[in-house]
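See structure below.
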Amino acid sequence: MDEAGGKGGGQPPLSAAKWYELFSRGARDWLRHDEKVREAVRANLPEIIAGGEVINDGARTVRVPVRMLEHYHFRLRRPEESQGAGQGKAKPGDVFSDPSQQQGPGEKGAGGRDEGEVQLLLEFKVDDIVDWLWEEMKLPNLKARVGPSEETDWTREGWDRRGARSRLDRRRSFKEMVKRRGAPGATPTFTDEDLRFRQLARRKQPAIHAVVFFMLDVSGSMSDRDRKLAKTFFFWVVQGLRREYRSLETVFVAHTTEAWEFNEPDFFQVSGTGGTVASTGLVKVREIIDARYNPGRCNLYLFYASDGDNSVSDAADARAALASVAADTCFTGYVEVSSGLSRQLATETGKLWAELTGAGVAAGSYALNDFDDVWGAVRHFFSAEAQTPADK
Amino acid sequence: MSTDWRDYIRRIEELASRSGLAFHPVDFEAVPDSFMMEIAVYGLPVRMPHWSFGVRYIYQLIQRRMGHSRLFEVVFPGNPGHAYLAASNGLAENILVTAHVLGHADFSRNNLLFRRCQEQVSEHIVEHAANHARAIQQIIETHGAQRVETVLDAALALEQHIDIDQSLRRERYPEYLEEPKVLADDTFRKRFAALDPIAAGAVETKKRAPVPPHPERDLLWFVANYAPEMESWERDIFLAVREESFYFYPVFATQIMNEGWASYWHARLLREADFIPQQSYLDAIKCHSDVVRPIAADAQVSLSINPYHLGFSMWEKIVERDGLEGARHIMEQDDDFAFVRNHLTRELADELGLFRYSARSDGQIKVLEPDLTALHEALLSPKYNFGAPVVSAHHVRTDGTLELTHDSATDGRGLDLERSRKVLDYLQRVWRRPIVLTTVNQAGSTLELTAP
C-alpha cells in the first residue's frame with residue numbers, strides 16, 4: 001500500500017486503472033474550447049492575419065495571439081466603486097493600490113469565477129489558412145501554364161509475370177487464377193502462371209513550375225512600415241501561388257538607383273538611400289530570366305512593391321524594360337505602398353502599369369495603404385490573374 | 001504503527017460519533033491529483049461536457065502550476081457520502097482530511113437547507129449527475145454535438161437562475177384563472193339572470209391565466225416548460241442543469257458555515273484522537289494552520305476572506321458561548337446569511353482584524369470606517385440570489401416574444417450590457433422567438449435589450 005507515498009509511487013497495472021486515469025474530461029472540454037477559438041479566428045481571419053507580426057519567417061505556421069473565450073452569464077455592471085471585506089493589519093483611512101484587484105472584489109461565484117486575463121498563442125498551419133482564405137475570399141484557382149519539361153518521374157505502367165514481390169498485384173493475380181480455373185466453386189490454388197506484377201516506366205512530367213520575382217524599392221523614401229507592408233503582401237502571394245505549383249522558386253530583387261539580387265532573409269532587412277530608378281530593377285529581372293529560366297517552360301510572375309516615386313528621367317527606360325519583362329510573365333503586379341498618402345496610383349510607376357494594363361497585357365496594380373488592404377490586394381491580383389487567358 | 005490512513009478511518013469515525021456528530025456513512029477514495037482538479041472544476045465527479053469547463057480547467061491548471069492552490073479533498077453529500085482524497089496527500093494530511101470530511105458529512109445531513117435540497121434532488125446527486133452526463137452523451141449521438149452545445153450554452157448561462165423556494169418538480173401554472181366563487185343560488189339571482197341571459201352566460205366562461213401569472217425567477221424551469229418551440233430533448237437538458245443547480249445551491253449558500261464547521265471538527269477531533277502517532281499529529285496541526293490561515297504568509301493584508309478561517313473562528317466562539325448543543329442548533333437552522341448576521345460580532349470582527357474597503361476601478365483601495373452591519377453586507381452581497389442578478393420572466397407576448405425584467409432596485413445597479421446581450425443571444429437560439437430584457441443604464445433610466 002503506497003497510497004500515501006505520493007506521486008513517486010508506482011503506476012497501477014492497466015487492468016486496475018480507473019477510467020479517470022485514462023481519460024481527462026477537462027482536456028476534452030478544453031479541446032472543444034480550442035476548436036471554438038479556431039473557428040472564431042477563422043471567421044475573422046483576414047483582420048487577424050494581416051497584422052504583420054504574425055508571420056513567422058520560414059516556418060509553415062503562423063502564431064495568433066487570442067484571448068480565452070468567456071461563457072457569459074448575467075452580471076451586474078461594474079460599479080465605479082465597489083465594497084469588499086478584507087482581513088489584516090489595516091486601519092480606517094489606509095489607502096493602497098492593487099492593480100491585480102481591478103476586476104472588482106466579490107466576483108467569485110458559481111458562474112463568475114475570478115479569472116485573470118490569460119493570453120494564448122495559437123499556432124495555425126499556413127496551408128490551412130490559405131485554404132480558408134481561398135474559400136473565404138472565393139478566389140478562383142489559377143490556371144497553371146503547362147509545358148513540356150525535362151522532369152521525369154516513375155509511373156506505373158502494365159503488368160508482367162515476373163517482378164519484385166512488393167509489386168505483386170493480388171487482385172489481378174486472383175483474377176488470372178479464376179480465369180484459368182474457370183469454375184468459381186473449386187478450391188483456389190495459385191500457380192506461378194497466375195501471378196502478375198506491376199511494372200514501372202519513366203515518363204516525362206509536364207512542367208508545373210513557377211518562378212516568382214519579388215522586386216522591392218528600397219530607396220530612402222520607403223519607410224520600415226512600407227517594407228513591412230510589402231513583406232506581408234509578398235508572403236501571402238507566395239502562399240497563394242504555392243497552392244497551384246508543385247515547385248515554386250522565389251527570386252528577390254531590391255533596387256534604388258542600382259539593383260541587387262538577395263536571399264530571402266536579407267531581402268526584407270535591406271534599406272538603401274537615394275533615388276528610385278525602377279528600370280535598374282526590371283533590367284536585373286530580365287537578366288536573371290535570361291540567365292536561368294526558360295519562359296516557355298515555366299510560369300513567371302513578377303510582383304513589384306514601391307512607393308511609386310520613380311525618377312521622371314527613367315520613364316522611357318522603365319517602360320521598355322517593363323514591356324520586355326511583361327511579355328514573358330504570366331502576370332505582372334504592382335503594389336503601391338504609400339502609408340498615409342493615398343495618391344491612388346497617380347504616380348510615375350503607377351502610370352507605367354496603367355499603360356501596360358491598357359495595352360491588354362496581364363498586369364494589375366493596387367494601392368496598399370494599410371495592413372487591412374493586404375487582402376484586397378491579394379484578391380485583386382488573384383482574380384485578375386485568373387481572368388487572363390492562360391495562353392497569350 | 002500503521003502508515004496507511006485507511007486504518008485510522010474507523011477510529012476517527014467512532015470518535016466523531018462519540019463527540020455527537022451524526023452522519024451518513026462516507027465512501028473514501030484516493031484519486032490522482034489530475035482527477036481531483038477535474039472534480040473541482042466540474043463541481044461533480046461526472047458531469048455533462050461543455051467547453052466552459054475546459055476554460056476553468058485551464059485556469060485551474062495555471063493556478064496549480066503557479067502553486068496557488070492545492071486540493072486535499074472534495075466531499076459530496078448523500079447516503080452514502082462520497083469523499084475524494086488527493087493521492088498525493090501525506091498520512092497526516094489524510095488523517096486531518098478524514099476528520100474534516102466527517103464534519104462536512106455531519107453538516108450536510110443535519111443542516112436544514114441541505115436536507116431540503118437533498119429531499120428534492122435525492123441523496124444520490126453523484127449518480128444523478130452521471131446519469132445526466134450519459135443521457136446528454138446519447139443526445140449528442142442523435143442530434144449532434146453542435147446542437148447540444150447550443151442548448152448547453154443557454155442552460156449553463158442561466159444555471160444560477162432557479163427558485164430555491166419552489167419544488168424541484170413543480171407543476172405547470174394553472175391554465176385558467178380561478179373561477180369566481182359560486183354565489184348562493186337564491187331566487188333573486190335566478191330572476192336577475194333571467195333578465196339578461198347573455199350576461200349571465202358570460203360569467204360561466206373560464207378565463208385563461210396569463211403566462212407567467214407572476215414574475216418568474218426560475219428561468220431554467222420557465223424556459224423548459226413554456227418555450228414555444230423547444231424540442232423535448234432540449235427541455236430535458238434544461239431540467240438536468242436545473243437539478244444540478246438545486247444541488248449546488250446549499251453548497252454555495254452555506255460555504256462559510258460548512259467549511260468552518262468541518263474545520264472546527266477536524267481540529268477538535270485531532271486534539272482528542274490519542275491514537276494518532278505523535279509526528280503525524282504535529283504534521284496535521286501544521287496542515288490545519290495552513291488551511292485556516294487568514295492571509296498569505298508573505299502578506300500583511302488580504303482583500304478577500306478565507307471562509308475556512310472565518311467560519312472556524314466563529315464556530316469556536318459559538319461553542320464557547322452556547323455550548324455544543326447550542327452550536328449544533330445553529331448549524332441545523334442557519335445559512336450563511338443568518339450565520340454571519342447573527343454571530344459575527346463586533347468583538348470577533350475586531351479580534352480577527354476584519355475590515356471593509358472600497359475599491360475604485362483604477363485599482364485604488366481605501367479602508368473604510370468600521371461598521372458591523374455594512375461589514376456583514378460586504379461579506380454577503382456576493383452571495384445574494386445564488387450570486388446572480390435578479391432577472392425574471394415577466395410576460396410572454398402573443399407572438400411568443402419573451403419579456404425579461406431585471407430587478408435593478410434590488411440589485412442596486414443595472415446589468416453589464418455586453419454580457420447580457422450575449423446571454424440573450426444564447427437564450428434566443430432555444431427560445432426561437434424574440435427576447436426583450438429590461439434593465440437600467442448607468443444614469444438609472446430604463447433600457448431595453450433585444451435579441452435578435
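All residue names refer to the C-alpha cells as shown: chains lettered A, B, ... in order, residues numbered from 1 in each chain, ligands numbered from 1 in order.
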
- Excluding same-chain residues fewer than 5 positions from Cys117 of chain B, what lies within 9 Å of it counting only C-alpha atoms, as a PyMOL selection string? chain B and resi 112+122+164+168+246-247+249-250

Keeping only N, CA and C atoms, write those residues as a PDB file, in the first residue's frame.
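Output saved as result_6.pdb:
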```
ATOM      1  N   LEU B 112     -30.645  22.277   7.645  1.00  0.00           N
ATOM      2  CA  LEU B 112     -31.982  22.234   7.041  1.00  0.00           C
ATOM      3  C   LEU B 112     -31.967  22.510   5.549  1.00  0.00           C
ATOM      4  N   SER B 122     -32.637  14.142  -4.133  1.00  0.00           N
ATOM      5  CA  SER B 122     -32.333  12.792  -3.664  1.00  0.00           C
ATOM      6  C   SER B 122     -30.938  12.785  -3.071  1.00  0.00           C
ATOM      7  N   ILE B 164     -35.229  28.581  -5.437  1.00  0.00           N
ATOM      8  CA  ILE B 164     -34.979  27.546  -4.453  1.00  0.00           C
ATOM      9  C   ILE B 164     -36.193  27.342  -3.548  1.00  0.00           C
ATOM     10  N   LEU B 168     -38.444  21.219  -6.741  1.00  0.00           N
ATOM     11  CA  LEU B 168     -37.675  20.838  -7.920  1.00  0.00           C
ATOM     12  C   LEU B 168     -38.611  20.341  -9.014  1.00  0.00           C
ATOM     13  N   PHE B 246     -29.942  22.894  -8.153  1.00  0.00           N
ATOM     14  CA  PHE B 246     -30.584  22.676  -6.854  1.00  0.00           C
ATOM     15  C   PHE B 246     -29.611  22.006  -5.890  1.00  0.00           C
ATOM     16  N   TYR B 247     -28.758  21.154  -6.424  1.00  0.00           N
ATOM     17  CA  TYR B 247     -27.757  20.539  -5.566  1.00  0.00           C
ATOM     18  C   TYR B 247     -26.692  21.562  -5.153  1.00  0.00           C
ATOM     19  N   TYR B 249     -26.883  24.782  -4.828  1.00  0.00           N
ATOM     20  CA  TYR B 249     -27.275  25.954  -4.038  1.00  0.00           C
ATOM     21  C   TYR B 249     -26.862  25.877  -2.573  1.00  0.00           C
ATOM     22  N   PRO B 250     -27.214  24.818  -1.827  1.00  0.00           N
ATOM     23  CA  PRO B 250     -26.824  24.811  -0.418  1.00  0.00           C
ATOM     24  C   PRO B 250     -25.306  24.837  -0.223  1.00  0.00           C
TER      25      PRO B 250
END
```

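Excluding segment 149-151 of chain B itself and same-chain residues fewer than 4 positions from it, the residues having an atom within 9 Å of it are B:Pro49, B:His50, B:Trp51, B:Ile140, B:Gly144, B:Ala145, B:Ala155, B:Leu156, B:Glu234, B:Arg235, B:Ile237, B:Phe238, B:Tyr426, B:Leu427, B:Arg429, B:Val430, counting only C-alpha atoms.
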
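Residue nearest Gln160 of chain B within the list A:Ala305, A:Cys330, A:Leu216, A:Arg75: A:Arg75 [criterion: smallest interatomic distance, only C-alpha atoms].
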
- Fewer than 3 positions away in the same chain doesn't count, so skip those; otherwise give me all residues within 10 Å of Ile295 of chain B, counting only C-alpha atoms, as a VMD selection string. (chain A and resid 86 to 88) or (chain B and resid 290 292 298 to 306 309)

Save the residues we just selected, N, CA and C atoms, as a PDB file, in the first residue's frame?
```
ATOM      1  N   GLY A  86     -12.057  42.604   3.829  1.00  0.00           N
ATOM      2  CA  GLY A  86     -10.700  42.080   3.854  1.00  0.00           C
ATOM      3  C   GLY A  86     -10.279  41.805   5.283  1.00  0.00           C
ATOM      4  N   GLN A  87      -9.054  41.352   5.421  1.00  0.00           N
ATOM      5  CA  GLN A  87      -8.582  40.976   6.746  1.00  0.00           C
ATOM      6  C   GLN A  87      -7.105  41.288   6.841  1.00  0.00           C
ATOM      7  N   GLY A  88      -6.686  41.754   7.998  1.00  0.00           N
ATOM      8  CA  GLY A  88      -5.264  42.001   8.196  1.00  0.00           C
ATOM      9  C   GLY A  88      -5.031  43.295   8.949  1.00  0.00           C
TER      10      GLY A  88
ATOM     11  N   ASP B 290      -2.272  25.884   8.140  1.00  0.00           N
ATOM     12  CA  ASP B 290      -2.174  26.399   6.775  1.00  0.00           C
ATOM     13  C   ASP B 290      -3.554  26.615   6.169  1.00  0.00           C
ATOM     14  N   VAL B 292      -6.505  27.119   7.664  1.00  0.00           N
ATOM     15  CA  VAL B 292      -7.326  28.183   8.243  1.00  0.00           C
ATOM     16  C   VAL B 292      -6.549  29.492   8.378  1.00  0.00           C
ATOM     17  N   ASP B 298       3.236  35.777   3.176  1.00  0.00           N
ATOM     18  CA  ASP B 298       4.108  36.913   2.891  1.00  0.00           C
ATOM     19  C   ASP B 298       3.336  38.220   2.774  1.00  0.00           C
ATOM     20  N   ALA B 299       2.063  38.219   3.189  1.00  0.00           N
ATOM     21  CA  ALA B 299       1.267  39.432   3.014  1.00  0.00           C
ATOM     22  C   ALA B 299       0.857  40.009   4.361  1.00  0.00           C
ATOM     23  N   GLN B 300       0.610  41.306   4.364  1.00  0.00           N
ATOM     24  CA  GLN B 300       0.147  41.998   5.568  1.00  0.00           C
ATOM     25  C   GLN B 300      -1.377  41.976   5.634  1.00  0.00           C
ATOM     26  N   VAL B 301      -1.986  42.185   4.495  1.00  0.00           N
ATOM     27  CA  VAL B 301      -3.443  42.217   4.450  1.00  0.00           C
ATOM     28  C   VAL B 301      -3.921  41.347   3.300  1.00  0.00           C
ATOM     29  N   SER B 302      -5.173  40.927   3.421  1.00  0.00           N
ATOM     30  CA  SER B 302      -5.771  40.177   2.330  1.00  0.00           C
ATOM     31  C   SER B 302      -7.067  40.880   1.962  1.00  0.00           C
ATOM     32  N   LEU B 303      -7.348  40.938   0.685  1.00  0.00           N
ATOM     33  CA  LEU B 303      -8.552  41.641   0.238  1.00  0.00           C
ATOM     34  C   LEU B 303      -9.721  40.690   0.051  1.00  0.00           C
ATOM     35  N   SER B 304      -9.518  39.436   0.432  1.00  0.00           N
ATOM     36  CA  SER B 304     -10.655  38.539   0.448  1.00  0.00           C
ATOM     37  C   SER B 304     -10.546  37.751   1.747  1.00  0.00           C
ATOM     38  N   ILE B 305     -11.653  37.170   2.136  1.00  0.00           N
ATOM     39  CA  ILE B 305     -11.653  36.498   3.430  1.00  0.00           C
ATOM     40  C   ILE B 305     -11.704  35.003   3.226  1.00  0.00           C
ATOM     41  N   ASN B 306     -10.816  34.307   3.905  1.00  0.00           N
ATOM     42  CA  ASN B 306     -10.770  32.856   3.812  1.00  0.00           C
ATOM     43  C   ASN B 306     -11.945  32.279   4.597  1.00  0.00           C
ATOM     44  N   HIS B 309     -11.172  30.109   7.584  1.00  0.00           N
ATOM     45  CA  HIS B 309     -10.716  30.814   8.766  1.00  0.00           C
ATOM     46  C   HIS B 309     -11.866  31.508   9.482  1.00  0.00           C
TER      47      HIS B 309
END
```

- By how many Å are atom CA of Glu249 of chain A and atom CA of Leu122 of chain A apart? 29.0 Å

Could you pull out the strand (DSSP E or B) residues of segment 150-359 of chain A, going by DSSP on the backbone, and write them as a compact mmCIF listing (two decimals) with N, CA and C atoms, in the first residue's frame?
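The new file result_20.txt reads:
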```txt
# COMPACT_ATOMS: atom_id res chain seq x y z
N THR A 152 11.42 14.01 -65.21
CA THR A 152 10.81 12.71 -65.44
C THR A 152 10.47 12.11 -64.09
N ASP A 153 9.57 11.18 -64.15
CA ASP A 153 9.15 10.53 -62.91
C ASP A 153 8.72 9.11 -63.24
N TRP A 154 8.80 8.25 -62.25
CA TRP A 154 8.35 6.88 -62.48
C TRP A 154 6.83 6.83 -62.45
N THR A 155 6.25 6.14 -63.44
CA THR A 155 4.80 5.95 -63.43
C THR A 155 4.54 4.45 -63.54
N ARG A 156 3.41 4.06 -63.00
CA ARG A 156 3.05 2.65 -63.07
C ARG A 156 2.53 2.35 -64.48
N GLU A 157 2.95 1.27 -65.03
CA GLU A 157 2.51 1.01 -66.39
C GLU A 157 2.56 -0.49 -66.67
N GLY A 158 1.41 -1.12 -66.84
CA GLY A 158 1.33 -2.51 -67.28
C GLY A 158 1.71 -3.53 -66.23
N TRP A 159 1.60 -4.81 -66.63
CA TRP A 159 1.90 -5.91 -65.72
C TRP A 159 2.87 -6.88 -66.39
N ASP A 160 3.52 -7.65 -65.55
CA ASP A 160 4.41 -8.67 -66.09
C ASP A 160 4.32 -9.89 -65.19
N LEU A 168 3.64 -7.26 -56.37
CA LEU A 168 2.63 -8.26 -56.73
C LEU A 168 1.24 -7.64 -56.67
N PHE A 197 2.76 -8.93 -61.83
CA PHE A 197 3.50 -7.90 -61.10
C PHE A 197 3.35 -6.58 -61.82
N ARG A 198 3.22 -5.56 -61.04
CA ARG A 198 3.10 -4.21 -61.62
C ARG A 198 4.47 -3.78 -62.15
N GLN A 199 4.43 -3.07 -63.26
CA GLN A 199 5.68 -2.59 -63.84
C GLN A 199 5.74 -1.08 -63.77
N LEU A 200 6.92 -0.54 -63.73
CA LEU A 200 7.11 0.91 -63.70
C LEU A 200 7.83 1.35 -64.95
N ALA A 201 7.55 2.58 -65.35
CA ALA A 201 8.26 3.13 -66.51
C ALA A 201 8.53 4.59 -66.27
N ARG A 202 9.58 5.10 -66.89
CA ARG A 202 9.88 6.52 -66.75
C ARG A 202 9.06 7.31 -67.76
N ARG A 203 8.44 8.37 -67.29
CA ARG A 203 7.64 9.21 -68.17
C ARG A 203 8.00 10.65 -67.92
N LYS A 204 7.90 11.44 -68.93
CA LYS A 204 8.15 12.88 -68.76
C LYS A 204 6.93 13.52 -68.11
N ALA A 207 5.57 20.43 -67.00
CA ALA A 207 6.15 21.38 -66.04
C ALA A 207 5.04 22.05 -65.27
N HIS A 209 5.68 24.38 -62.79
CA HIS A 209 6.81 25.01 -62.14
C HIS A 209 6.63 26.51 -62.28
N ALA A 210 6.86 27.21 -61.19
CA ALA A 210 6.70 28.65 -61.28
C ALA A 210 7.87 29.36 -60.62
N VAL A 211 8.16 30.52 -61.12
CA VAL A 211 9.17 31.38 -60.52
C VAL A 211 8.52 32.72 -60.25
N VAL A 212 8.63 33.19 -59.01
CA VAL A 212 8.06 34.48 -58.67
C VAL A 212 9.20 35.45 -58.38
N PHE A 213 9.18 36.54 -59.07
CA PHE A 213 10.15 37.61 -58.81
C PHE A 213 9.50 38.63 -57.90
N PHE A 214 10.15 38.87 -56.79
CA PHE A 214 9.68 39.95 -55.92
C PHE A 214 10.66 41.09 -56.05
N MET A 215 10.17 42.19 -56.47
CA MET A 215 11.06 43.34 -56.65
C MET A 215 10.61 44.41 -55.67
N LEU A 216 11.56 44.88 -54.89
CA LEU A 216 11.21 45.84 -53.85
C LEU A 216 12.04 47.10 -54.02
N ASP A 217 11.36 48.21 -53.94
CA ASP A 217 12.02 49.51 -53.97
C ASP A 217 12.53 49.79 -52.55
N SER A 247 6.31 23.07 -57.61
CA SER A 247 7.56 23.66 -57.17
C SER A 247 7.52 25.14 -57.50
N LEU A 248 7.91 25.89 -56.52
CA LEU A 248 7.84 27.33 -56.67
C LEU A 248 9.19 27.89 -56.28
N GLU A 249 9.76 28.67 -57.17
CA GLU A 249 11.03 29.32 -56.83
C GLU A 249 10.75 30.78 -56.61
N THR A 250 11.51 31.36 -55.71
CA THR A 250 11.35 32.79 -55.50
C THR A 250 12.68 33.48 -55.76
N VAL A 251 12.58 34.64 -56.35
CA VAL A 251 13.78 35.45 -56.61
C VAL A 251 13.51 36.83 -56.02
N PHE A 252 14.47 37.31 -55.27
CA PHE A 252 14.26 38.60 -54.62
C PHE A 252 15.22 39.64 -55.19
N VAL A 253 14.66 40.73 -55.64
CA VAL A 253 15.47 41.80 -56.22
C VAL A 253 15.11 43.09 -55.52
N ALA A 254 16.11 43.82 -55.09
CA ALA A 254 15.86 45.13 -54.49
C ALA A 254 16.60 46.17 -55.32
N HIS A 255 16.05 47.37 -55.36
CA HIS A 255 16.74 48.38 -56.15
C HIS A 255 16.59 49.76 -55.53
N ALA A 259 20.44 47.87 -58.78
CA ALA A 259 19.62 46.73 -58.39
C ALA A 259 20.52 45.57 -57.96
N TRP A 260 20.06 44.78 -56.98
CA TRP A 260 20.81 43.63 -56.49
C TRP A 260 19.85 42.46 -56.27
N GLU A 261 20.37 41.28 -56.38
CA GLU A 261 19.57 40.13 -56.00
C GLU A 261 19.93 39.73 -54.58
N PHE A 262 18.93 39.32 -53.80
CA PHE A 262 19.15 38.96 -52.40
C PHE A 262 18.57 37.59 -52.10
N ASN A 299 6.33 29.08 -65.42
CA ASN A 299 5.44 30.20 -65.25
C ASN A 299 6.13 31.28 -64.44
N LEU A 300 6.27 32.45 -65.02
CA LEU A 300 6.96 33.53 -64.34
C LEU A 300 5.94 34.55 -63.82
N TYR A 301 6.20 35.02 -62.63
CA TYR A 301 5.37 36.08 -62.06
C TYR A 301 6.29 37.17 -61.56
N LEU A 302 5.84 38.39 -61.70
CA LEU A 302 6.61 39.49 -61.12
C LEU A 302 5.68 40.32 -60.24
N PHE A 303 6.10 40.54 -59.01
CA PHE A 303 5.38 41.48 -58.15
C PHE A 303 6.35 42.56 -57.69
N TYR A 304 5.94 43.77 -57.85
CA TYR A 304 6.81 44.90 -57.56
C TYR A 304 6.15 45.78 -56.52
N ALA A 305 6.88 46.08 -55.46
CA ALA A 305 6.34 46.98 -54.44
C ALA A 305 7.20 48.22 -54.38
N SER A 306 6.54 49.37 -54.43
CA SER A 306 7.28 50.62 -54.42
C SER A 306 6.35 51.72 -53.95
N PHE A 331 1.96 37.06 -65.23
CA PHE A 331 1.27 38.18 -64.60
C PHE A 331 2.30 39.12 -64.00
N THR A 332 2.03 40.39 -64.10
CA THR A 332 2.93 41.40 -63.55
C THR A 332 2.13 42.31 -62.63
N GLY A 333 2.43 42.27 -61.37
CA GLY A 333 1.63 43.05 -60.43
C GLY A 333 2.45 44.16 -59.80
N TYR A 334 1.77 45.24 -59.49
CA TYR A 334 2.43 46.37 -58.85
C TYR A 334 1.61 46.79 -57.63
N VAL A 335 2.23 46.80 -56.46
CA VAL A 335 1.53 47.35 -55.29
C VAL A 335 2.21 48.64 -54.91
N GLU A 336 1.37 49.63 -54.71
CA GLU A 336 1.93 50.92 -54.31
C GLU A 336 1.75 51.06 -52.81
N VAL A 337 2.87 50.99 -52.09
CA VAL A 337 2.78 51.16 -50.63
C VAL A 337 3.05 52.62 -50.34
```

- Hey, list the chain B side of the contact with chain A: 7 Å cut-off, only C-alpha atoms, answer as a ChimeraX atom specification. /B:4,35,38,49-55,57,87-91,157-158,300-305,353-369,375,378-379,382,387-389,413-416,419-420,422-423

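Using only C-alpha atoms, the protein and nucleic acid residues lying no more than 8 Å from Gln60 of chain B, apart from those fewer than 4 places from it along its own chain, are Met37, Val41, Arg56 and Arg64 of chain B.
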
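Omitting Cys287 of chain B and its sequence neighbours fewer than 5 positions away, and counting only C-alpha atoms, the residues within 10 Å are B:Ala92, B:Glu93, B:Leu96, B:Val97, B:Tyr281, B:Leu282, B:Val292, B:Arg293.
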
Emit the selected residues as a compact mmCIF listing (two decimals), in the first residue's frame, including N, CA and C atoms.
```txt
# COMPACT_ATOMS: atom_id res chain seq x y z
N ALA B 92 -0.46 12.35 7.53
CA ALA B 92 -1.03 13.32 8.46
C ALA B 92 -2.13 14.12 7.79
N GLU B 93 -1.90 14.50 6.53
CA GLU B 93 -2.91 15.27 5.81
C GLU B 93 -4.19 14.45 5.67
N LEU B 96 -6.16 14.32 8.90
CA LEU B 96 -6.86 15.59 9.07
C LEU B 96 -8.07 15.66 8.14
N VAL B 97 -7.85 15.28 6.89
CA VAL B 97 -8.90 15.37 5.88
C VAL B 97 -10.06 14.44 6.24
N TYR B 281 0.56 13.80 14.25
CA TYR B 281 -0.26 14.80 14.90
C TYR B 281 0.31 16.20 14.65
N LEU B 282 1.63 16.32 14.82
CA LEU B 282 2.25 17.62 14.62
C LEU B 282 2.11 18.08 13.16
N VAL B 292 -6.50 27.12 7.66
CA VAL B 292 -7.33 28.18 8.24
C VAL B 292 -6.55 29.49 8.38
N ARG B 293 -5.43 29.60 7.63
CA ARG B 293 -4.66 30.83 7.71
C ARG B 293 -5.43 31.95 7.02
```

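Taking only C-alpha atoms, the non-local environment of Ser313 of chain B within 12 Å (same-chain residues fewer than 5 positions away omitted) comprises Ile256, Met257, Glu259, Gly260, Trp261, Ala262, Ser263, Tyr264, Trp265, Ala267, Val292, Arg293, Pro294, Asn306, Pro307, Tyr308, Ile318, Val319, Glu320, Val340, His343, Leu344, Thr345, Glu347, Leu348, Ala349, Glu351, Leu352 and Gly353 of chain B.
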
Just the selected residues (N, CA and C atoms), exported as a compact mmCIF listing (two decimals), in the first residue's frame, please.
```txt
# COMPACT_ATOMS: atom_id res chain seq x y z
N ILE B 256 -19.41 29.41 4.29
CA ILE B 256 -18.66 29.85 5.47
C ILE B 256 -18.95 28.92 6.65
N MET B 257 -20.26 28.65 6.86
CA MET B 257 -20.66 27.76 7.96
C MET B 257 -20.09 26.37 7.80
N GLU B 259 -17.62 25.07 5.79
CA GLU B 259 -16.17 24.91 5.88
C GLU B 259 -15.70 25.17 7.30
N GLY B 260 -16.33 26.14 7.94
CA GLY B 260 -15.97 26.44 9.32
C GLY B 260 -16.26 25.25 10.23
N TRP B 261 -17.43 24.66 10.04
CA TRP B 261 -17.86 23.52 10.86
C TRP B 261 -16.89 22.35 10.67
N ALA B 262 -16.56 22.08 9.42
CA ALA B 262 -15.64 20.97 9.15
C ALA B 262 -14.26 21.26 9.73
N SER B 263 -13.83 22.52 9.65
CA SER B 263 -12.51 22.87 10.19
C SER B 263 -12.51 22.79 11.72
N TYR B 264 -13.63 23.24 12.30
CA TYR B 264 -13.74 23.16 13.76
C TYR B 264 -13.62 21.70 14.20
N TRP B 265 -14.30 20.81 13.47
CA TRP B 265 -14.31 19.41 13.89
C TRP B 265 -13.00 18.70 13.60
N ALA B 267 -10.13 20.04 13.76
CA ALA B 267 -9.21 20.49 14.82
C ALA B 267 -9.54 19.78 16.13
N VAL B 292 -6.50 27.12 7.66
CA VAL B 292 -7.33 28.18 8.24
C VAL B 292 -6.55 29.49 8.38
N ARG B 293 -5.43 29.60 7.63
CA ARG B 293 -4.66 30.83 7.71
C ARG B 293 -5.43 31.95 7.02
N PRO B 294 -5.57 33.09 7.72
CA PRO B 294 -6.38 34.16 7.12
C PRO B 294 -5.70 34.83 5.93
N ASN B 306 -10.82 34.31 3.91
CA ASN B 306 -10.77 32.86 3.81
C ASN B 306 -11.95 32.28 4.60
N PRO B 307 -12.90 31.65 3.89
CA PRO B 307 -14.10 31.17 4.58
C PRO B 307 -13.78 30.11 5.64
N TYR B 308 -12.73 29.34 5.43
CA TYR B 308 -12.31 28.34 6.41
C TYR B 308 -11.96 29.04 7.72
N ILE B 318 -18.77 30.41 19.13
CA ILE B 318 -20.15 29.99 19.40
C ILE B 318 -20.17 28.82 20.37
N VAL B 319 -19.28 27.85 20.17
CA VAL B 319 -19.25 26.69 21.06
C VAL B 319 -18.86 27.15 22.48
N GLU B 320 -17.95 28.10 22.56
CA GLU B 320 -17.54 28.64 23.84
C GLU B 320 -18.71 29.31 24.55
N VAL B 340 -23.77 34.79 9.56
CA VAL B 340 -22.89 35.96 9.64
C VAL B 340 -23.59 37.10 10.36
N HIS B 343 -24.06 36.06 14.20
CA HIS B 343 -22.98 35.57 15.06
C HIS B 343 -21.62 36.19 14.78
N LEU B 344 -21.50 37.02 13.74
CA LEU B 344 -20.23 37.73 13.57
C LEU B 344 -20.35 39.04 14.34
N THR B 345 -19.79 39.04 15.56
CA THR B 345 -19.99 40.19 16.43
C THR B 345 -18.88 41.21 16.23
N GLU B 347 -16.87 42.35 18.45
CA GLU B 347 -15.64 41.93 19.13
C GLU B 347 -14.86 40.96 18.26
N LEU B 348 -15.59 39.99 17.68
CA LEU B 348 -14.90 38.98 16.88
C LEU B 348 -14.31 39.61 15.62
N ALA B 349 -15.07 40.51 15.00
CA ALA B 349 -14.57 41.18 13.79
C ALA B 349 -13.28 41.93 14.10
N GLU B 351 -11.23 41.34 16.63
CA GLU B 351 -10.21 40.37 17.00
C GLU B 351 -9.55 39.76 15.76
N LEU B 352 -10.39 39.49 14.72
CA LEU B 352 -9.86 38.88 13.51
C LEU B 352 -9.24 39.91 12.57
N GLY B 353 -9.47 41.18 12.89
CA GLY B 353 -8.93 42.22 12.01
C GLY B 353 -9.67 42.33 10.70
```

- Query: Near Ala354 of chain A, within 12 Å and counting only C-alpha atoms, which residues show up once chain neighbours fewer than 2 positions away are dropped, as a PyMOL selection string?
  - Reply: chain A and resi 319+322+332-334+344-352+356-366

- Query: From the set B:Ala209, B:Leu102, B:Ala129, B:Leu195, which residue has the shortest atom-to-atom contact distance to Glu178 of chain B, counting only C-alpha atoms?
  - Reply: B:Ala209

- alpha helix (DSSP H) residues, from DSSP on the backbone, in segment 257-425 of chain B, as a PyMOL selection string: chain B and resi 257-272+278-291+307-333+336-343+346-352+372-380+408-411+417-425
